[in-house]
Each structure stands twice: as structure tokens, then as C-alpha cells.
Amino acid sequence: MKLAPLVLIAGLWPLDAQTSLSILLPERTRLLEDQQLDLVIEARNMTNLSGLRVTANAVDITARFKGPAPADLDCDGRQDAVYRADLFRFSATGNVRLSASVSSAEGLFSDVKDIIIQPFSMAKRPRNIILMIGDAMGNAYRDAGRIIARSVETLPGVPGFREGFFDRLLEMDQMPVSGMVMGYGKDRVIADSSAAATNWATGNKTINRALSAWGDGNDCLWGSSPTAANLWAANDNPRVETLWEYMKRKYNYRTGVVATSNVTDATPAAHGSHNGSRDPSFELSRQFLENPFLNGQPVFDVILGGGKEDFDPDIRRDGRDMIAEFQGRGYTFVQTATDLKEVNAEAGKLLGLFRRPNTVTRHASDVRPSARGNMDPAYDKLRLTRPGSEPVPNLGIWTDQPFLDLMARKAIEVLAGPRGDQPFVLMIEGSLIDKQAHSAHVAGTLWDVIEFDKAVGVARAWAKARPVPDTLVIVTADHDQTMTIIGVADISDADLYDRTPVFTGSIGPPVGNMAIRSFKDANTNVRPDHPWASAGGGSGPPANRYADIYGTDGFPDYQDTDGDGYPENRQVGDKGRLRLAVGFRTGSHAGTSLPLTAEGAGAFLFTGYMDQTDLFYKMATVLTGETAEADALLKTMLENPRYPRTFGK
């Protein structure tokens, strides 16, 4: 047939769009030298495959591939196949052109992908990285946390926020370097937490809901979430090594994750597990113990957070007692703040699980629990009274949960070791800023910003006390949400805490069926007519029904009578009525750029606008130690009295 010449270039311009050869890599793949990944090649609608040839810069690497394995890609019933080279490494640096071709009864097909391999060499003196993530902590959340926490009196009768200035900014505000992060996903403008964490953990973008793995052609087999029957199709997605795994595998670094969510939630999980879906948490916790990039060894030396149910044999489908198995690998296990306080730097390895749902079974999918054991928000751990439109807490038996600053302190101590000389990389997440914002619970959200900032203070103090400046502290977010500051409202305790709706109503199609309830605290927390925002606490009327009521003169006058750094959100005498007023546009994520502040070794790299994947390569550069000269210059600039300083720093 005369069509043969056209078929030869079918990989670039196929005659049948369903017949193609595809190398499953993002368009802009970047890697560190020797960073491991799964190279997967999909052959669609082909029969009688033969003669696979794969080259990297014209060097034949075909022998590393296994296959063809039969597959049903795109769930269309056609005959497809997959080739794999798992845990592949590129040792050469620079630009690499990956080429693949295969013969079939339908013709010769090919594909080409370009990869950038960046050099990496360890610093002579190892450095540490503490990456701190305020989940959903966009600019408005930092601003609101600052106003609430720093408006309290610094001297009797003297508020810390007056005439538009602060006596002392938040810990994260005082960090000298700042930048902005673009956190877009591979397949959409607004990334979820799993895609965002994959961005900085691996240096590459992925689809929403995937964890340090790329999408593949059989994802259609499990749809939005896998079950035990099709979990294999989520487990086989092409994986890419995280910085945490890379540093442990190559340089025996200590590694850790700390979160106030369940520890298998998207953000912590992306640093040490790999899956096409964030949902199968039984599998994710197994990978924490038996990591595929570390020859089946544990990936983290410290794991602290909620989610005990993922480790318990009465909930897991496989019946494994994961806590006992971690203890068998030398981990100290704790589940209360009291026990955590007793842990010292000699512990070596630490597993702390501080929450399990009050009622939980195995989910019908058999791959996760029926409920998630996120830790309780700071507002509830403080035993503060919730505003009337927010849910009444139920801590159950979990009344001794640690605050994030204690978790951060113990994680750092254990990772650094008794002499403080063990190098480590650590991620600390204030997870519930996001989870409380989804339901527009402003008290739960913003007191968690304050809790998170206290943990930032722990990290900063530890880094500053080092005998040499060898630690980088970064504070940023995975994505934003839609809260905005709309002023100050004068509201009494009686109205703030009133749990009787003053307005009830309903909305039907085409908006969607939902009930609306408005409470007397609505002036401090304006919610939209949106089903997410009404979940669990009721919705106030939308902001456009209010006019010019947020022009209250003055500044909030929150009181902190016990001096613990958390305002009590109540009236004390004639003070405490002026409260921050905020509004939520939706109960979901926003696609705005994210604030970042940094301090310590290599902090100057984090200025300006950057993509979220850049964080991976900037952190890697810091670990090479090649920033000392610029670090010294930045220190000189910061300490020069000729340059202006911001009030409160």
C-alpha cells in the first residue's frame, strides 16, 4: 500500500487517532541526576508487536524494558499493550531526548519526549530543610491570622495592632525572604492537595488526586476512586521519586512528615507513597513502611498526626497491625500529648497517631476507612466556645491531643538526634486550615493559622540556635481558598454563640437542593448560598445582601487573658466585642498564587514568582551547599542599619 510512508510517522501524526505509541511523561519533565522514575510506554490499538527500541540521547536502553504486557487502555475494548522500565535512573545531566519506536501489524509507531536532568552533589557539610505547609493558607488567611493573634494587648490597655501597625508580626511574617508560588495542576487551573504536594515533592506536575505518580491509560478502570477489586490499576501508575526518598536512598538522610490531618492525607502521603489516587489509604500507609523506592524499607523516621484507623487491624482489609509492625522496626509509638512530651532525641524513630474517628468501620471500597481521623482544630483543643453557626466539637476519648508546635519540636529533636548533627528533611503541615475552610468555619480555620504559626516559631528558633547556619525554613501553602477579609464587626458574646437560626430557607434547582440557615454570628462570617459552606453549620445570607456594615471604626480587640498566644474569642469586661469579619465565596479551592516566606541557608533562592515545582529544585540546590556566598550577602544586608525595617519585625 502507498500509505506506508505516512504510517512511519504515525507517532507524530497518526492516521487513526486511537492507534499510537505514547511515552507517559509530562511535557516539561525535570529530574535530578539519578532520581528514580518508572518509564512506561503505552501502545494503543496494535497487534503483533515487535522490535521495541528505546534510546536516551541515541544510547539504546531497550533492555531495561519489560513487555509487551496486554492491557485495555481507555476502557474501549481495543487490543493494547504496555512496556515498563521501573525505577529507572538517568546518570548524565543536561537535556535528554527519549525516543521509542515499535513495529506492529498496523505499522511502525514512535514517540519522543525531552527531559532535563539537573546535577546534584551533596554539600561537604550537610544541611537541613524544614518545609512548612499551611494547607489552603493564601494571603487572606495569613492576614486574618495575624490580625486576630496580634491585636491582643501587649501592655495593659495597649493593643498590639493600632493605627494600622503591629507591634509584632507573625513568625512567618518575620522571615526575611518572600516570594509568590504558582500552584497550577497538570490538568487544571486549581490543583488539589495531592497534585500540589507532588509538585514540590517530586519537581513534576501530575493530575489531580494522584500522589507522586502520573496518570495512565487504565485509570478509567477505577474512575474517581479505586476499590479493592481494581486497586491494581491505581497502583501501577508511573511513579517518580520524591526528594524525601531521594535523600534517604542516596545519602541516608533522616526524613519526616507532621500533619494535623490523618497522616495518609494527600499532603503528607505525597512525600513517601505513590498512587494514581489519593484515596486508598491502607495502601499508602503500607508504603510508608515498605517503600518501593527504598527496597521495601520505611520512608520516614518520624510520622506524627491523626489517622490511627489506617494502621489498625480491625479496620484494615488485610488485618495487618501496622503499629506493631512499625514498632518491630524500632519505632517508638505514642498517641497522646502527654506521651509525646516524654519522647527525647534518643528515640531514633517515632510514630505518633493522635486521633481515630469516634465511629469508624471499613469503607465499602475496602481500600480505606469509612471516616478520616483528622486531629481536632486548635480552637477545640483549647476548649473555646464555637460560634453559633459552627459545629459543637466531639473529641470523644481523644482529649489529650498535642498542638502543632509540640509536634514540630519533637519531630525536629528526634530527626536531628541527641547531638543535633543528623541531617534531615521534614515537612510540617497545618492541615485543618483547609478542612475547616471547606465548611466556612472561621473560628476553626483561623485559630489553626495561629497554631501553625507557633510551629513556625519553633522551627525558626531551632534553626537560629544552630552553631552554623545550616537549616532552611520555608513557609508556604499548597493552594488557596476563597475567604476574604471584609472588615470588623461589633458583636456580643450572646449573639456570637447563639445557636438558634434567625432565618431559615431553602434553594432548589437549578442551583441545587439545600437548606439555608442564618445565625446571629453572620456579621463575622458571611457565607454564600453554597452547599459546601452550609454543610455542618448552616449558611448565612450571601454577602451581597449586606451593605456598608463592615465600616466599624477601630481594630479588633481580642483578649488573651491566659497569655498562651491564642485569643479566647470572648468578651472580657468592655473588650472583646470587635471581631474580624470575613466572607467565603465558595467552599472549595481557589487558583490564586500563594505567598512564601523563607529564612536560613539558601533562602534568597525563593524570591520573586516561581512555579510550585521549582521548590523541589531550589531545595535540592540548598542541599548542595552552593549558596554560602549569597547567604552571607543576605545576612549583611539584613543587619545593615542603613536599610529600612518593617515595624513588627
# chains A, B, ... in the order shown; residues from 1 in each chain; ligands from 1

$ closest_atom_pairs --of "stretch 404-515 of chain A" --to "stretch 560-564 of chain A" --cutoff "12 Å" --atoms "only C-alpha atoms" --output "CSV"
residue,atom,partner,partner_atom,distance
A:Ile450,CA,A:Asp564,CA,11.1
A:Glu451,CA,A:Asp564,CA,10.8
A:Lys454,CA,A:Asp564,CA,10.5

$ write_last_selection --atoms "C-alpha atoms" --output "PDB file, in the first residue's frame"
ATOM      1  CA  ILE A 450      -2.277  30.763  64.759  1.00  0.00           C
ATOM      2  CA  GLU A 451      -1.425  27.191  65.808  1.00  0.00           C
ATOM      3  CA  LYS A 454       3.510  28.812  66.607  1.00  0.00           C
TER       4      LYS A 454
END

$ residues_around --residues "A:Leu24" --least-positions-apart "3" --cutoff "8 Å" --atoms "only C-alpha atoms" --output "list in words"
Leu39, Val40, Ile41, Glu42, Trp214, Gly215, Asp216 and Pro238 of chain A

$ closest_residue --among "A:Ile303, A:Val158, A:Ala213, A:Ile315" --to "A:Thr361" --atoms "only C-alpha atoms"
A:Ile315

$ residues_around --residues "A:Lys649" --least-positions-apart "5" --cutoff "7 Å" --atoms "only C-alpha atoms" --output "ChimeraX atom specification"
/A:168-169,174

$ write_last_selection --atoms "N, CA and C atoms" --output "short mmCIF file (atom, residue, chain, number, x, y, z; two decimals), in the first residue's frame"
data_model
loop_
_atom_site.label_atom_id
_atom_site.label_comp_id
_atom_site.auth_asym_id
_atom_site.auth_seq_id
_atom_site.Cartn_x
_atom_site.Cartn_y
_atom_site.Cartn_z
N ARG A 168 4.19 43.39 66.77
CA ARG A 168 4.94 42.18 66.41
C ARG A 168 4.16 41.41 65.38
N LEU A 169 4.80 41.11 64.28
CA LEU A 169 4.16 40.34 63.22
C LEU A 169 4.19 38.85 63.56
N GLN A 174 7.93 37.44 59.83
CA GLN A 174 9.24 37.97 60.20
C GLN A 174 10.38 37.34 59.41
#

$ residues_around --residues "stretch 417-432 of chain A" --least-positions-apart "3" --cutoff "8 Å" --atoms "only C-alpha atoms" --output "number ranges by chain"
A: 126-135, 244, 253-261, 267-268, 345-346, 348, 377, 404, 408, 412-414, 435-437, 444-445, 448-449, 451-452

$ residues_around --residues "A:Asp478" --least-positions-apart "3" --cutoff "9 Å" --atoms "only C-alpha atoms" --output "ChimeraX atom specification"
/A:133-138,183,191-197,267,594,612

$ write_last_selection --atoms "all heavy atoms" --output "mmCIF file, in the first residue's frame"
data_model
loop_
_atom_site.group_PDB
_atom_site.id
_atom_site.type_symbol
_atom_site.label_atom_id
_atom_site.label_comp_id
_atom_site.auth_asym_id
_atom_site.auth_seq_id
_atom_site.Cartn_x
_atom_site.Cartn_y
_atom_site.Cartn_z
ATOM 1 N N ILE A 133 3.856 23.771 55.480
ATOM 2 C CA ILE A 133 2.730 23.980 54.581
ATOM 3 C C ILE A 133 1.484 24.331 55.388
ATOM 4 O O ILE A 133 1.000 23.521 56.192
ATOM 5 C CB ILE A 133 2.451 22.721 53.741
ATOM 6 C CG1 ILE A 133 3.692 22.309 52.946
ATOM 7 C CG2 ILE A 133 1.258 22.954 52.818
ATOM 8 C CD1 ILE A 133 4.159 23.327 51.925
ATOM 9 N N GLY A 134 0.961 25.527 55.182
ATOM 10 C CA GLY A 134 -0.356 25.866 55.694
ATOM 11 C C GLY A 134 -1.363 25.480 54.625
ATOM 12 O O GLY A 134 -1.473 26.158 53.596
ATOM 13 N N ASP A 135 -2.076 24.388 54.824
ATOM 14 C CA ASP A 135 -2.985 23.892 53.799
ATOM 15 C C ASP A 135 -4.067 24.936 53.535
ATOM 16 O O ASP A 135 -4.810 25.316 54.438
ATOM 17 C CB ASP A 135 -3.618 22.582 54.260
ATOM 18 C CG ASP A 135 -4.253 21.800 53.124
ATOM 19 O OD1 ASP A 135 -4.676 22.421 52.135
ATOM 20 O OD2 ASP A 135 -4.325 20.563 53.227
ATOM 21 N N ALA A 136 -4.134 25.431 52.288
ATOM 22 C CA ALA A 136 -5.100 26.458 51.857
ATOM 23 C C ALA A 136 -4.774 27.835 52.418
ATOM 24 O O ALA A 136 -5.609 28.736 52.349
ATOM 25 C CB ALA A 136 -6.533 26.064 52.218
ATOM 26 N N MET A 137 -3.567 28.043 52.931
ATOM 27 C CA MET A 137 -3.225 29.292 53.605
ATOM 28 C C MET A 137 -2.750 30.346 52.605
ATOM 29 O O MET A 137 -1.569 30.659 52.495
ATOM 30 C CB MET A 137 -2.160 29.055 54.684
ATOM 31 C CG MET A 137 -1.991 30.206 55.655
ATOM 32 S SD MET A 137 -0.724 29.876 56.895
ATOM 33 C CE MET A 137 0.765 29.843 55.866
ATOM 34 N N GLY A 138 -3.715 30.904 51.855
ATOM 35 C CA GLY A 138 -3.421 32.009 50.972
ATOM 36 C C GLY A 138 -3.213 33.294 51.751
ATOM 37 O O GLY A 138 -3.224 33.316 52.984
ATOM 38 N N GLY A 183 0.649 27.558 41.734
ATOM 39 C CA GLY A 183 0.414 26.163 42.071
ATOM 40 C C GLY A 183 -0.541 25.448 41.140
ATOM 41 O O GLY A 183 -1.370 24.665 41.596
ATOM 42 N N ALA A 191 -5.250 23.119 41.495
ATOM 43 C CA ALA A 191 -4.770 21.801 41.916
ATOM 44 C C ALA A 191 -5.355 21.435 43.274
ATOM 45 O O ALA A 191 -5.614 22.299 44.114
ATOM 46 C CB ALA A 191 -3.248 21.806 41.995
ATOM 47 N N ASP A 192 -5.548 20.145 43.496
ATOM 48 C CA ASP A 192 -5.891 19.692 44.838
ATOM 49 C C ASP A 192 -4.593 19.466 45.608
ATOM 50 O O ASP A 192 -3.483 19.649 45.085
ATOM 51 C CB ASP A 192 -6.763 18.441 44.789
ATOM 52 C CG ASP A 192 -5.979 17.176 44.468
ATOM 53 O OD1 ASP A 192 -4.944 17.276 43.779
ATOM 54 O OD2 ASP A 192 -6.399 16.091 44.889
ATOM 55 N N SER A 193 -4.720 19.069 46.871
ATOM 56 C CA SER A 193 -3.536 18.945 47.727
ATOM 57 C C SER A 193 -2.576 17.870 47.239
ATOM 58 O O SER A 193 -1.354 18.008 47.406
ATOM 59 C CB SER A 193 -3.964 18.645 49.167
ATOM 60 O OG SER A 193 -4.664 19.732 49.723
ATOM 61 N N SER A 194 -3.079 16.783 46.658
ATOM 62 C CA SER A 194 -2.185 15.721 46.205
ATOM 63 C C SER A 194 -1.346 16.170 45.017
ATOM 64 O O SER A 194 -0.130 15.917 44.970
ATOM 65 C CB SER A 194 -2.987 14.466 45.858
ATOM 66 O OG SER A 194 -3.993 14.741 44.915
ATOM 67 N N ALA A 195 -1.973 16.852 44.053
ATOM 68 C CA ALA A 195 -1.211 17.347 42.901
ATOM 69 C C ALA A 195 -0.233 18.425 43.326
ATOM 70 O O ALA A 195 0.907 18.481 42.840
ATOM 71 C CB ALA A 195 -2.170 17.873 41.835
ATOM 72 N N ALA A 196 -0.655 19.309 44.235
ATOM 73 C CA ALA A 196 0.229 20.379 44.695
ATOM 74 C C ALA A 196 1.433 19.815 45.434
ATOM 75 O O ALA A 196 2.580 20.224 45.191
ATOM 76 C CB ALA A 196 -0.551 21.342 45.593
ATOM 77 N N ALA A 197 1.196 18.867 46.338
ATOM 78 C CA ALA A 197 2.320 18.281 47.080
ATOM 79 C C ALA A 197 3.257 17.521 46.161
ATOM 80 O O ALA A 197 4.482 17.530 46.352
ATOM 81 C CB ALA A 197 1.790 17.361 48.180
ATOM 82 N N THR A 267 -1.361 15.632 51.428
ATOM 83 C CA THR A 267 -0.082 16.337 51.537
ATOM 84 C C THR A 267 1.013 15.470 52.140
ATOM 85 O O THR A 267 2.074 15.295 51.530
ATOM 86 C CB THR A 267 -0.245 17.648 52.312
ATOM 87 O OG1 THR A 267 -1.233 18.458 51.672
ATOM 88 C CG2 THR A 267 1.066 18.411 52.379
ATOM 89 N N LEU A 594 0.318 31.865 45.622
ATOM 90 C CA LEU A 594 0.456 31.578 47.048
ATOM 91 C C LEU A 594 1.663 32.286 47.649
ATOM 92 O O LEU A 594 2.747 32.288 47.060
ATOM 93 C CB LEU A 594 0.614 30.068 47.236
ATOM 94 C CG LEU A 594 -0.492 29.240 46.577
ATOM 95 C CD1 LEU A 594 -0.072 27.784 46.469
ATOM 96 C CD2 LEU A 594 -1.789 29.385 47.334
ATOM 97 N N GLN A 612 5.371 26.013 41.496
ATOM 98 C CA GLN A 612 5.449 25.136 42.665
ATOM 99 C C GLN A 612 6.476 24.026 42.476
ATOM 100 O O GLN A 612 7.125 23.600 43.439
ATOM 101 C CB GLN A 612 4.075 24.547 42.947
ATOM 102 C CG GLN A 612 3.802 24.229 44.392
ATOM 103 C CD GLN A 612 2.328 24.075 44.654
ATOM 104 O OE1 GLN A 612 1.604 23.490 43.848
ATOM 105 N NE2 GLN A 612 1.854 24.581 45.776
#

$ residues_around --residues "stretch 51-58 of chain A" --least-positions-apart "4" --cutoff "12 Å" --atoms "only C-alpha atoms" --output "PyMOL selection string"
chain A and resi 21-23+39-43+62-68+81-85+88-105+107-117

$ select_by_dssp --residues "stretch 213-261 of chain A" --states "strand (DSSP E or B)" --output "VMD selection string"
chain A and resid 213 239 to 240 254 to 261

$ closest_residue --among "A:Gln401, A:Asn237, A:Gln297, A:Gln118" --to "A:Thr621" --atoms "only C-alpha atoms"
A:Gln118

$ closest_atom_pairs --of "stretch 177-262 of chain A" --to "stretch 605-611 of chain A" --cutoff "6 Å" --atoms "only C-alpha atoms" --output "tab-separated table"
residue	atom	partner	partner_atom	distance
A:Ser178	CA	A:Thr607	CA	5.5
A:Gly179	CA	A:Thr607	CA	4.4
A:Met180	CA	A:Tyr609	CA	4.7
A:Val181	CA	A:Met610	CA	5.1
A:Met182	CA	A:Asp611	CA	4.8

$ closest_residue --among "A:Leu284, A:Met247, A:Leu472, A:Leu395" --to "A:Thr264" --atoms "only C-alpha atoms"
A:Leu284

$ select_by_dssp --residues "stretch 95-241 of chain A" --states "helix (DSSP H, G or I)" --output "ChimeraX atom specification"
/A:139-150,193-202,219-221,231-235

$ write_last_selection --atoms "N, CA, C and O atoms" --output "compact mmCIF listing (two decimals), in the first residue's frame"
# COMPACT_ATOMS: atom_id res chain seq x y z
N ASN A 139 -3.04 34.39 51.03
CA ASN A 139 -2.74 35.67 51.68
C ASN A 139 -3.79 36.07 52.70
O ASN A 139 -3.46 36.54 53.80
N ALA A 140 -5.06 35.91 52.37
CA ALA A 140 -6.12 36.35 53.29
C ALA A 140 -6.06 35.59 54.60
O ALA A 140 -6.36 36.15 55.67
N TYR A 141 -5.68 34.33 54.56
CA TYR A 141 -5.63 33.52 55.77
C TYR A 141 -4.46 33.95 56.65
O TYR A 141 -4.59 34.01 57.89
N ARG A 142 -3.33 34.25 56.03
CA ARG A 142 -2.20 34.78 56.81
C ARG A 142 -2.57 36.12 57.42
O ARG A 142 -2.27 36.39 58.59
N ASP A 143 -3.21 36.97 56.61
CA ASP A 143 -3.60 38.30 57.11
C ASP A 143 -4.57 38.18 58.29
O ASP A 143 -4.42 38.86 59.30
N ALA A 144 -5.57 37.32 58.15
CA ALA A 144 -6.57 37.18 59.20
C ALA A 144 -5.96 36.59 60.47
O ALA A 144 -6.27 37.04 61.58
N GLY A 145 -5.10 35.59 60.32
CA GLY A 145 -4.43 35.04 61.49
C GLY A 145 -3.59 36.08 62.20
O GLY A 145 -3.55 36.13 63.44
N ARG A 146 -2.92 36.92 61.43
CA ARG A 146 -2.10 38.00 62.01
C ARG A 146 -2.97 38.98 62.80
O ARG A 146 -2.64 39.36 63.93
N ILE A 147 -4.08 39.41 62.21
CA ILE A 147 -4.93 40.40 62.86
C ILE A 147 -5.50 39.85 64.16
O ILE A 147 -5.51 40.54 65.19
N ILE A 148 -5.95 38.60 64.15
CA ILE A 148 -6.53 38.03 65.37
C ILE A 148 -5.45 37.82 66.43
O ILE A 148 -5.62 38.21 67.60
N ALA A 149 -4.33 37.20 66.05
CA ALA A 149 -3.31 36.85 67.04
C ALA A 149 -2.57 38.06 67.59
O ALA A 149 -2.19 38.08 68.76
N ARG A 150 -2.38 39.08 66.76
CA ARG A 150 -1.52 40.19 67.17
C ARG A 150 -2.30 41.46 67.54
O ARG A 150 -1.70 42.50 67.77
N SER A 193 -4.72 19.07 46.87
CA SER A 193 -3.54 18.95 47.73
C SER A 193 -2.58 17.87 47.24
O SER A 193 -1.35 18.01 47.41
N SER A 194 -3.08 16.78 46.66
CA SER A 194 -2.19 15.72 46.21
C SER A 194 -1.35 16.17 45.02
O SER A 194 -0.13 15.92 44.97
N ALA A 195 -1.97 16.85 44.05
CA ALA A 195 -1.21 17.35 42.90
C ALA A 195 -0.23 18.43 43.33
O ALA A 195 0.91 18.48 42.84
N ALA A 196 -0.66 19.31 44.24
CA ALA A 196 0.23 20.38 44.70
C ALA A 196 1.43 19.81 45.43
O ALA A 196 2.58 20.22 45.19
N ALA A 197 1.20 18.87 46.34
CA ALA A 197 2.32 18.28 47.08
C ALA A 197 3.26 17.52 46.16
O ALA A 197 4.48 17.53 46.35
N THR A 198 2.70 16.86 45.14
CA THR A 198 3.55 16.20 44.15
C THR A 198 4.43 17.20 43.44
O THR A 198 5.60 16.91 43.12
N ASN A 199 3.91 18.40 43.18
CA ASN A 199 4.70 19.45 42.53
C ASN A 199 6.03 19.67 43.23
O ASN A 199 7.10 19.64 42.61
N TRP A 200 5.97 19.95 44.55
CA TRP A 200 7.22 20.27 45.24
C TRP A 200 7.96 19.03 45.73
O TRP A 200 9.17 19.07 45.95
N ALA A 201 7.26 17.91 45.94
CA ALA A 201 7.92 16.71 46.44
C ALA A 201 8.74 16.02 45.37
O ALA A 201 9.77 15.41 45.66
N THR A 202 8.30 16.12 44.09
CA THR A 202 8.99 15.40 43.00
C THR A 202 9.58 16.33 41.95
O THR A 202 10.39 15.89 41.14
N ASP A 219 -6.54 4.24 34.05
CA ASP A 219 -7.21 4.92 35.15
C ASP A 219 -8.73 4.85 35.02
O ASP A 219 -9.46 4.93 36.02
N CYS A 220 -9.21 4.68 33.79
CA CYS A 220 -10.65 4.57 33.57
C CYS A 220 -11.23 3.35 34.26
O CYS A 220 -12.45 3.30 34.51
N LEU A 221 -10.41 2.36 34.60
CA LEU A 221 -10.91 1.16 35.24
C LEU A 221 -11.41 1.42 36.65
O LEU A 221 -12.25 0.68 37.17
N LEU A 231 -7.83 -1.95 42.55
CA LEU A 231 -6.75 -1.16 43.12
C LEU A 231 -5.45 -1.32 42.34
O LEU A 231 -4.65 -0.39 42.24
N TRP A 232 -5.24 -2.49 41.76
CA TRP A 232 -4.01 -2.73 40.99
C TRP A 232 -3.85 -1.69 39.88
O TRP A 232 -2.71 -1.31 39.54
N ALA A 233 -4.96 -1.22 39.32
CA ALA A 233 -4.89 -0.26 38.23
C ALA A 233 -4.54 1.14 38.70
O ALA A 233 -4.11 1.97 37.90
N ALA A 234 -4.70 1.43 39.98
CA ALA A 234 -4.23 2.69 40.56
C ALA A 234 -2.80 2.55 41.07
O ALA A 234 -2.03 3.52 41.07
N ASN A 235 -2.44 1.34 41.48
CA ASN A 235 -1.07 1.09 41.96
C ASN A 235 -0.04 1.10 40.84
O ASN A 235 1.15 1.30 41.10

$ closest_residue --among "A:Arg409, A:Glu309, A:Ala628, A:Asn394" --to "A:Asn344" --atoms "only C-alpha atoms"
A:Arg409

$ atom_distance --atom1 "atom CA of A:Gly591" --atom2 "atom CA of A:Pro391"
27.8 Å

$ atom_distance --atom1 "atom CA of A:Glu171" --atom2 "atom CA of A:Leu634"
19.0 Å

$ atom_distance --atom1 "atom CA of A:Ser212" --atom2 "atom CA of A:Pro402"
29.0 Å

$ closest_residue --among "A:Ser121, A:Ser277, A:Ser506, A:Gln18" --to "A:Glu33" --atoms "only C-alpha atoms"
A:Ser121

$ residues_around --residues "A:Tyr246" --least-positions-apart "4" --cutoff "9 Å" --atoms "only C-alpha atoms" --output "VMD selection string"
chain A and resid 34 to 36 241 to 242 250 to 251 253 293 to 294

$ write_last_selection --atoms "N, CA and C atoms" --output "PDB file, in the first residue's frame"
ATOM      1  N   ASP A  34      20.106  10.822  38.734  1.00  0.00           N
ATOM      2  CA  ASP A  34      19.912   9.593  39.491  1.00  0.00           C
ATOM      3  C   ASP A  34      18.577   9.547  40.234  1.00  0.00           C
ATOM      4  N   GLN A  35      17.675  10.515  39.987  1.00  0.00           N
ATOM      5  CA  GLN A  35      16.337  10.441  40.578  1.00  0.00           C
ATOM      6  C   GLN A  35      15.539   9.359  39.865  1.00  0.00           C
ATOM      7  N   GLN A  36      14.946   8.459  40.605  1.00  0.00           N
ATOM      8  CA  GLN A  36      14.286   7.302  40.020  1.00  0.00           C
ATOM      9  C   GLN A  36      12.870   7.631  39.533  1.00  0.00           C
ATOM     10  N   GLU A 241      10.286   9.526  42.037  1.00  0.00           N
ATOM     11  CA  GLU A 241      10.861   9.585  43.381  1.00  0.00           C
ATOM     12  C   GLU A 241      10.735  10.983  43.973  1.00  0.00           C
ATOM     13  N   THR A 242      10.433  11.041  45.262  1.00  0.00           N
ATOM     14  CA  THR A 242      10.347  12.323  45.964  1.00  0.00           C
ATOM     15  C   THR A 242      11.711  12.718  46.516  1.00  0.00           C
ATOM     16  N   LYS A 250      20.022   7.893  48.794  1.00  0.00           N
ATOM     17  CA  LYS A 250      21.382   8.184  48.339  1.00  0.00           C
ATOM     18  C   LYS A 250      22.310   8.650  49.459  1.00  0.00           C
ATOM     19  N   TYR A 251      21.758   9.343  50.461  1.00  0.00           N
ATOM     20  CA  TYR A 251      22.631   9.995  51.447  1.00  0.00           C
ATOM     21  C   TYR A 251      22.258   9.675  52.892  1.00  0.00           C
ATOM     22  N   TYR A 253      19.773  10.354  54.609  1.00  0.00           N
ATOM     23  CA  TYR A 253      19.156  11.461  55.343  1.00  0.00           C
ATOM     24  C   TYR A 253      18.020  10.942  56.215  1.00  0.00           C
ATOM     25  N   PHE A 293      10.715   2.718  46.663  1.00  0.00           N
ATOM     26  CA  PHE A 293      11.970   3.327  46.207  1.00  0.00           C
ATOM     27  C   PHE A 293      13.129   3.054  47.159  1.00  0.00           C
ATOM     28  N   LEU A 294      12.834   2.425  48.297  1.00  0.00           N
ATOM     29  CA  LEU A 294      13.856   2.171  49.305  1.00  0.00           C
ATOM     30  C   LEU A 294      13.987   0.683  49.601  1.00  0.00           C
TER      31      LEU A 294
END

$ closest_residue --among "A:Val442, A:Ala269, A:Cys75, A:Leu25" --to "A:Ile207" --atoms "only C-alpha atoms"
A:Leu25
